[in-house]
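Worksheet: one structure, shown below.
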Amino acid sequence: MSLPQRATITVTRQRRAKKRPKPLIRSAGIRLALVYATVFGVSAFALAFSLWYSTLGLLERQVDLTIRNDSAALADRYASGGLPALVTAIENRLAISPKGDAIYLLQDSQGKMIVGNLDFRPAGISPAGGWYVLPFTRQGASSTALLYAGVLSNGDQLIVGRDDRAREQLRGILQQGLLSAMGLMALLGLVGAIVIRTLFRRMIQDIAATTRAISRGDLTRRVPKTGDGDEFDELAEIINDMLDRITRLMDGVREVSNSIAHDLRTPITRARTRLEDAAIHANSAEDLRAAIETATADLDGVVAVFQALLRIAEIEAGARRAAFAMLDLSPLLLDIEDLYHAVAEDRGILLRAEISSPLPLLGDRELIQQAVTNLLENALKFSPPGAAIMFRAALTGTTIDITIADNGPGISEEDRIRATERFFRAESARSTTGSGLGLALVSAVAHLHNGVLSLSDNRPGLRAMILLPQTPELPAE
Amino acid sequence: MRILVVEDDKDVAGFVVKGLREAGHTVEHADNGRDGLFLAASENFDAIILDRMLPGGIDGLRLLETLRAQDNATPVVFLSALSQVDDRVKGLKAGGDDYLTKPFAFAELLARVEALTRRGKTDGPTTRLAVGDLEIDLLSRGVKRAGQKIDLQPREFRLLEYLMRHAGQVVTRTMLLEGVWDYHFDPQTNVIDVHVSRLRQKIDKPFELPLLHTVRNAGYMLRAEDV
């Protein structure tokens with residue numbers, strides 16, 4: 001009692017798990033969208049940052065260079081014309097652009113200003129000179145400046161600089177731009193993510209709808225193709241192929257189960273009727289015994305059909321390949337010939353055997369024995385007295401062909417294709433005994449050995465040929 | 001003979017036990033693996049009929065393996081619903097002497113069990129077999145009846161040899177197929193009947209007393225007296 005209970009508990013647990021709301025991150029669409037937004041944001045940020053960095057850097061380097069050049073030019077002027085020439089040069093420059101960015105200050109070693117547009121010497125500049133970024137006030141406005149302080153040969157100090165205000169302003173503008181751009185990026189990323197998620201959903205929606213319908217039992221549904229030839233089309237095609245194969249297999253199973261139901265129902269009904277009839281109508285113990293014996297024989301027939309079906313299933317599963325061994329078919333076939341020669345003779349049929357030797361093969365002895373026996377028994381069953389059956393086996397190249405040809409009614413062209421299906425029986429064979437499983441088994445055995453069973457017209461009669469490669473390469477699948 | 005039946009299905013076990021007793025055997029029955037193993041290991045039997053799938057934690061295979069590990073060589077016939085070739089191979093590998101799949105005909109089971117117990121007794125190398133006035137020499141492959149030489153095909157000789165080794169016992173068609181032709185499936189046609197009737201033509205027809213008898217619903221038997 002405990003087992004079924006446990007099973008129920010598992011089922012409810014699963015159901016509960018199904019009902020639990022899906023965490024957002026579980027949605028592949030959201031995940032994809034998040035990845036998209038992150039990648040978009042990071043790349044946009046990297047672009048903006050490099051822009052910001054390189055623009056400001058370039059500006060700084062340019063100012064730097066200007067100051068250096070200016071400073072060098074003034075030093076040259078001093079070297080060629082002495083202090084007066086330097087003073088003139090500075091005054092000229094200040095006169096050209098009185099409101100410009102340029103900053104000049106020439107002072108003597110005591111710190112007294114000689115010429116320049118700075119009101120006082122900025123604090124913090126050492127007498128030894130060098131580069132400085134310092135706040136200053138000029139014409140009442142405060143700002144920062146990039147300064148280069150150089151020392152002339154007479155000990156005077158020349159300070160050349162540029163107002164850095166423009167750069168600061170630019171930095172501010174850029175910073176602001178970046179911030180608003182970031183906001184925009186976040187927005188765009190979000191919108192993009194939503195768009196991607198929607199697209200993604202729509203793309204898998206068809207597949208999801210189809211597979212859901214199929215799992216509910218509607219096997220006729222197929223994934224519609226967009227016709228774009230894209231990856232989703234490819235996927236749809238693969239899924240449709242898979243569904244086609246599943247449908248075929250299901251049809252096969254259905255057909256087989258229908259056949260089983262029919263082919264087994266008949267002898268079971270017969271047995272049952274016989275037993276019931278005997279129970280009601282039998283007048284003597286002998287009658288009863290006879291009825292029981294016939295019914296038992298009927299049931300034995302049912303068992304034989306089951307056995308054959310199981311055998312075919314076992315062969316088709318391919319598990320017996322593990323038991324393959326090297327064997328010589330020649331004595332095996334001669335044994336079969338020996339066994340059936342007498343039977344044929346009894347029925348007035350001539351069994352002509354041409355079995356070459358040796359016929360080495362990697363395979364399953366018992367299965368080949370059974371397959372050949374099936375073919376031979378078929379031929380015997382359908383051969384009229386006085387007819388001949390040809391039983392031939394030969395090795396051509398690396399293929400062994402075993403041929404059994406009779407002059408019976410044969411199988412019509414359209415029936416030949418279906419002859420190896422389970423339970424298939426041609427119209428002409430309906431009147432004879434048999435389960436319709438014989439050729440199905442032969443075909444399964446041939447396939448197991450990577451060979452084929454080919455049926456053709458023997459004019460008149462049937463020519464069945466089993467073609468077996470000597471060493472069956474295991475199939476790739 | 002003393003036979004142990006280890007089978008959990010009540011109906012099958014009852015049927016088998018009843019049939020064996022009617023055939024004149026003493027029968028013990030166990031309906032699970034544990035009891036079966038206990039009986040098999042503690043008492044002497046001439047044969048064991050063993051189901052593969054048994055309740056009680058010990059299945060047929062394990063029971064037999066344990067038994068064989070104790071050097072117990074009692075002949076064992078598996079009687080199992082597991083009918084794949086692999087199953088049969090496994091059963092024989094574990095030390096089984098024969099393997100019969102369910103559903104089965106009782107005559108088949110009885111014939112096989114009796115054949116097994118006989119096999120155990122005549123294990124010594126024999127070169128000559130005789131039933132009534134029919135004798136065969138296994139070395140020269142010669143056959144004589146009432147001093148008269150009979151010519152047999154090699155396969156007919158093997159068929160006769162098999163029948164003579166089981167003289168006085170019922171031999172089923174399946175047993176002949178397995179023992180003489182090494183076939184492990186049932187053909188649709190009456191191949192065995194044809195061969196037996198040919199053999200009969202040669203060894204019985206010219207003589208007054210028939211040796212090769214047909215046992216209805218079971219098979220054949222070679223014996224000197226009338227059945």
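Residue numbering restarts at 1 for every chain of the structure tokens, chains are lettered A, B, ... in their displayed order, and ligands are numbered from 1 as they appear.
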
Sort by chain and increasing residue number a table of all residues of chain A within 9 Å of chain B, each with its closest pair of atoms and their distance in Å to one decimal, counting only C-alpha atoms, and write it as a tab-separated table.
residue	atom	partner	partner_atom	distance
A:Asp300	CA	B:Pro103	CA	8.4
A:Val303	CA	B:Pro103	CA	7.5
A:Ala304	CA	B:Asp186	CA	8.7
A:Gln307	CA	B:Ser83	CA	8.0
A:Leu310	CA	B:Gln84	CA	7.8
A:Arg311	CA	B:Gln84	CA	7.3
A:Glu314	CA	B:Gln84	CA	7.4
A:Arg320	CA	B:Asp86	CA	8.2
A:Asp335	CA	B:Trp181	CA	7.5
A:Ile336	CA	B:Trp181	CA	8.6
A:Asp338	CA	B:Arg155	CA	8.1
A:Leu339	CA	B:Val191	CA	6.8
A:Tyr340	CA	B:Val191	CA	6.6
A:Ala342	CA	B:Val194	CA	6.6
A:Val343	CA	B:Val191	CA	6.1
A:Asp346	CA	B:Val194	CA	7.7
A:Glu366	CA	B:His184	CA	7.3
A:Gln369	CA	B:Tyr183	CA	7.9
A:Gln370	CA	B:Phe185	CA	7.4
A:Thr373	CA	B:Pro187	CA	7.5
A:Asn374	CA	B:Pro187	CA	7.8
A:Glu377	CA	B:Thr189	CA	7.0
A:Lys381	CA	B:Thr189	CA	8.7
A:Gly434	CA	B:Gln188	CA	8.4

In region 141-207 of chain B, DSSP strand (DSSP E or B) residues written as a PyMOL selection string: chain B and resi 142-145+148-150+171-172

Which one of A:Asn117, A:Gly386, A:Gln470, A:Arg422 sits closest to Arg254 (chain A) if you count only C-alpha atoms?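 Looking at the shortest contact to Arg254 (chain A), the residue is A:Arg422.
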
Residues within 12 Å of Gly19 (chain B), only C-alpha atoms, excluding chain neighbours under 2 positions, as a ChimeraX atom specification: /B:3,5,12-17,21-27,105-111

Which residues, written as a list in words, have at least one atom at most 10 Å from His166 (chain B), with only C-alpha atoms counted and residues fewer than 5 positions away on the same chain left out? Ala111, Glu114, Ala115, Leu116, Arg118, Arg119, Leu160, Glu161, Val171, Met221, Leu222 and Arg223 of chain B

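The closest residue to Lys90 (chain B), picked from B:Val180, B:Val113, B:Val131, B:Glu65 and counting only C-alpha atoms, is B:Glu65.
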
Please run DSSP on the backbone and report, as a PyMOL selection string, all residues within region 201-245 of chain A that come out as helix (DSSP H, G or I). chain A and resi 201-215+231-245

The selected residues should be written to file as a PDB file, in the first residue's frame (atoms: N, CA and C atoms).
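Below you can see again_16.pdb, which holds the result:
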ATOM      1  N   ARG A 201      10.064  35.849 -27.749  1.00  0.00           N
ATOM      2  CA  ARG A 201       8.835  35.143 -27.382  1.00  0.00           C
ATOM      3  C   ARG A 201       8.034  34.770 -28.610  1.00  0.00           C
ATOM      4  N   ARG A 202       7.931  35.765 -29.509  1.00  0.00           N
ATOM      5  CA  ARG A 202       7.123  35.514 -30.689  1.00  0.00           C
ATOM      6  C   ARG A 202       7.730  34.388 -31.517  1.00  0.00           C
ATOM      7  N   MET A 203       9.096  34.369 -31.551  1.00  0.00           N
ATOM      8  CA  MET A 203       9.754  33.354 -32.364  1.00  0.00           C
ATOM      9  C   MET A 203       9.540  31.961 -31.796  1.00  0.00           C
ATOM     10  N   ILE A 204       9.599  31.855 -30.468  1.00  0.00           N
ATOM     11  CA  ILE A 204       9.429  30.497 -29.934  1.00  0.00           C
ATOM     12  C   ILE A 204       7.963  30.168 -29.667  1.00  0.00           C
ATOM     13  N   GLN A 205       7.129  31.183 -29.825  1.00  0.00           N
ATOM     14  CA  GLN A 205       5.718  30.957 -29.543  1.00  0.00           C
ATOM     15  C   GLN A 205       5.130  29.844 -30.416  1.00  0.00           C
ATOM     16  N   ASP A 206       5.492  29.896 -31.723  1.00  0.00           N
ATOM     17  CA  ASP A 206       4.988  28.894 -32.661  1.00  0.00           C
ATOM     18  C   ASP A 206       5.411  27.504 -32.227  1.00  0.00           C
ATOM     19  N   ILE A 207       6.713  27.402 -31.908  1.00  0.00           N
ATOM     20  CA  ILE A 207       7.248  26.101 -31.504  1.00  0.00           C
ATOM     21  C   ILE A 207       6.570  25.646 -30.222  1.00  0.00           C
ATOM     22  N   ALA A 208       6.457  26.574 -29.271  1.00  0.00           N
ATOM     23  CA  ALA A 208       5.855  26.224 -27.980  1.00  0.00           C
ATOM     24  C   ALA A 208       4.412  25.774 -28.174  1.00  0.00           C
ATOM     25  N   ALA A 209       3.667  26.538 -28.997  1.00  0.00           N
ATOM     26  CA  ALA A 209       2.256  26.202 -29.204  1.00  0.00           C
ATOM     27  C   ALA A 209       2.134  24.823 -29.844  1.00  0.00           C
ATOM     28  N   THR A 210       2.979  24.565 -30.854  1.00  0.00           N
ATOM     29  CA  THR A 210       2.904  23.290 -31.554  1.00  0.00           C
ATOM     30  C   THR A 210       3.246  22.139 -30.623  1.00  0.00           C
ATOM     31  N   THR A 211       4.383  22.270 -29.916  1.00  0.00           N
ATOM     32  CA  THR A 211       4.795  21.150 -29.078  1.00  0.00           C
ATOM     33  C   THR A 211       3.795  20.931 -27.950  1.00  0.00           C
ATOM     34  N   ARG A 212       3.215  22.026 -27.456  1.00  0.00           N
ATOM     35  CA  ARG A 212       2.232  21.866 -26.387  1.00  0.00           C
ATOM     36  C   ARG A 212       1.025  21.078 -26.908  1.00  0.00           C
ATOM     37  N   ALA A 213       0.585  21.460 -28.117  1.00  0.00           N
ATOM     38  CA  ALA A 213      -0.564  20.756 -28.705  1.00  0.00           C
ATOM     39  C   ALA A 213      -0.238  19.282 -28.897  1.00  0.00           C
ATOM     40  N   ILE A 214       1.015  19.013 -29.303  1.00  0.00           N
ATOM     41  CA  ILE A 214       1.392  17.619 -29.553  1.00  0.00           C
ATOM     42  C   ILE A 214       1.447  16.833 -28.261  1.00  0.00           C
ATOM     43  N   SER A 215       1.991  17.488 -27.224  1.00  0.00           N
ATOM     44  CA  SER A 215       2.058  16.735 -25.965  1.00  0.00           C
ATOM     45  C   SER A 215       0.664  16.493 -25.413  1.00  0.00           C
ATOM     46  N   GLU A 231      17.575  30.751 -38.615  1.00  0.00           N
ATOM     47  CA  GLU A 231      17.828  29.648 -37.687  1.00  0.00           C
ATOM     48  C   GLU A 231      16.526  29.067 -37.152  1.00  0.00           C
ATOM     49  N   PHE A 232      15.546  29.915 -36.970  1.00  0.00           N
ATOM     50  CA  PHE A 232      14.292  29.421 -36.420  1.00  0.00           C
ATOM     51  C   PHE A 232      13.551  28.564 -37.438  1.00  0.00           C
ATOM     52  N   ASP A 233      13.728  28.923 -38.712  1.00  0.00           N
ATOM     53  CA  ASP A 233      13.167  28.094 -39.771  1.00  0.00           C
ATOM     54  C   ASP A 233      13.818  26.718 -39.756  1.00  0.00           C
ATOM     55  N   GLU A 234      15.136  26.754 -39.575  1.00  0.00           N
ATOM     56  CA  GLU A 234      15.895  25.509 -39.533  1.00  0.00           C
ATOM     57  C   GLU A 234      15.404  24.650 -38.376  1.00  0.00           C
ATOM     58  N   LEU A 235      15.249  25.316 -37.242  1.00  0.00           N
ATOM     59  CA  LEU A 235      14.784  24.610 -36.040  1.00  0.00           C
ATOM     60  C   LEU A 235      13.393  24.022 -36.286  1.00  0.00           C
ATOM     61  N   ALA A 236      12.533  24.846 -36.911  1.00  0.00           N
ATOM     62  CA  ALA A 236      11.175  24.379 -37.193  1.00  0.00           C
ATOM     63  C   ALA A 236      11.225  23.129 -38.068  1.00  0.00           C
ATOM     64  N   GLU A 237      12.146  23.167 -39.042  1.00  0.00           N
ATOM     65  CA  GLU A 237      12.251  22.039 -39.955  1.00  0.00           C
ATOM     66  C   GLU A 237      12.684  20.778 -39.210  1.00  0.00           C
ATOM     67  N   ILE A 238      13.700  20.953 -38.343  1.00  0.00           N
ATOM     68  CA  ILE A 238      14.201  19.807 -37.568  1.00  0.00           C
ATOM     69  C   ILE A 238      13.082  19.239 -36.702  1.00  0.00           C
ATOM     70  N   ILE A 239      12.369  20.147 -36.040  1.00  0.00           N
ATOM     71  CA  ILE A 239      11.292  19.692 -35.163  1.00  0.00           C
ATOM     72  C   ILE A 239      10.220  18.978 -35.974  1.00  0.00           C
ATOM     73  N   ASN A 240       9.900  19.525 -37.148  1.00  0.00           N
ATOM     74  CA  ASN A 240       8.872  18.886 -37.979  1.00  0.00           C
ATOM     75  C   ASN A 240       9.312  17.514 -38.454  1.00  0.00           C
ATOM     76  N   ASP A 241      10.606  17.398 -38.808  1.00  0.00           N
ATOM     77  CA  ASP A 241      11.132  16.088 -39.213  1.00  0.00           C
ATOM     78  C   ASP A 241      10.981  15.088 -38.086  1.00  0.00           C
ATOM     79  N   MET A 242      11.345  15.574 -36.888  1.00  0.00           N
ATOM     80  CA  MET A 242      11.258  14.707 -35.714  1.00  0.00           C
ATOM     81  C   MET A 242       9.805  14.255 -35.502  1.00  0.00           C
ATOM     82  N   LEU A 243       8.902  15.222 -35.643  1.00  0.00           N
ATOM     83  CA  LEU A 243       7.488  14.899 -35.433  1.00  0.00           C
ATOM     84  C   LEU A 243       6.992  13.904 -36.479  1.00  0.00           C
ATOM     85  N   ASP A 244       7.481  14.083 -37.725  1.00  0.00           N
ATOM     86  CA  ASP A 244       7.090  13.142 -38.773  1.00  0.00           C
ATOM     87  C   ASP A 244       7.508  11.735 -38.396  1.00  0.00           C
ATOM     88  N   ARG A 245       8.765  11.637 -37.897  1.00  0.00           N
ATOM     89  CA  ARG A 245       9.285  10.313 -37.549  1.00  0.00           C
ATOM     90  C   ARG A 245       8.490   9.721 -36.386  1.00  0.00           C
TER      91      ARG A 245
END

Which value, in Å to one decimal, gives the distance between CA of Ser126 (chain A) and CA of Leu147 (chain A)?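 Result for CA of Ser126 (chain A) versus CA of Leu147 (chain A): 12.1 Å, one decimal.
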
Residues within 8 Å of Thr101 (chain B), please, as a ChimeraX atom specification. Count only C-alpha atoms; anything in the same chain fewer than 3 positions from it doesn't count. /B:78-83,104

Written selection (C-alpha atoms) as a short mmCIF file (atom, residue, chain, number, x, y, z; two decimals), in the first residue's frame:
data_model
loop_
_atom_site.label_atom_id
_atom_site.label_comp_id
_atom_site.auth_asym_id
_atom_site.auth_seq_id
_atom_site.Cartn_x
_atom_site.Cartn_y
_atom_site.Cartn_z
CA PHE B 78 14.72 -23.56 -15.55
CA LEU B 79 11.05 -22.90 -16.07
CA SER B 80 10.71 -19.21 -16.80
CA ALA B 81 8.62 -16.58 -18.51
CA LEU B 82 11.85 -14.80 -19.46
CA SER B 83 12.12 -15.99 -23.02
CA PHE B 104 4.92 -24.85 -21.60
#

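The two atoms in question, CA of Gly60 (chain B) and CA of Leu92 (chain B), are spaced 11.8 Å apart.
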
Shell of 7 Å around region 390-396 of chain A, only C-alpha atoms, local chain residues under 2 positions omitted, as a PyMOL selection string: chain A and resi 351-356+359+388+398-406

Show which residues sit within 9 Å of Val452 (chain A), as a ChimeraX atom specification. Count only C-alpha atoms, and ignore same-chain residues fewer than 6 positions away. /A:443-446,465-468

Between CA of Ala40 (chain B) and CA of Leu63 (chain B), what distance in Å does the model show, to one decimal?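 Distance between the two atoms: 9.0 Å.
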
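Candidate residues B:Arg173, B:Arg145, B:Arg2, B:His29 were compared for distance to Ala218 (chain B), and the nearest is B:Arg173, using only C-alpha atoms.
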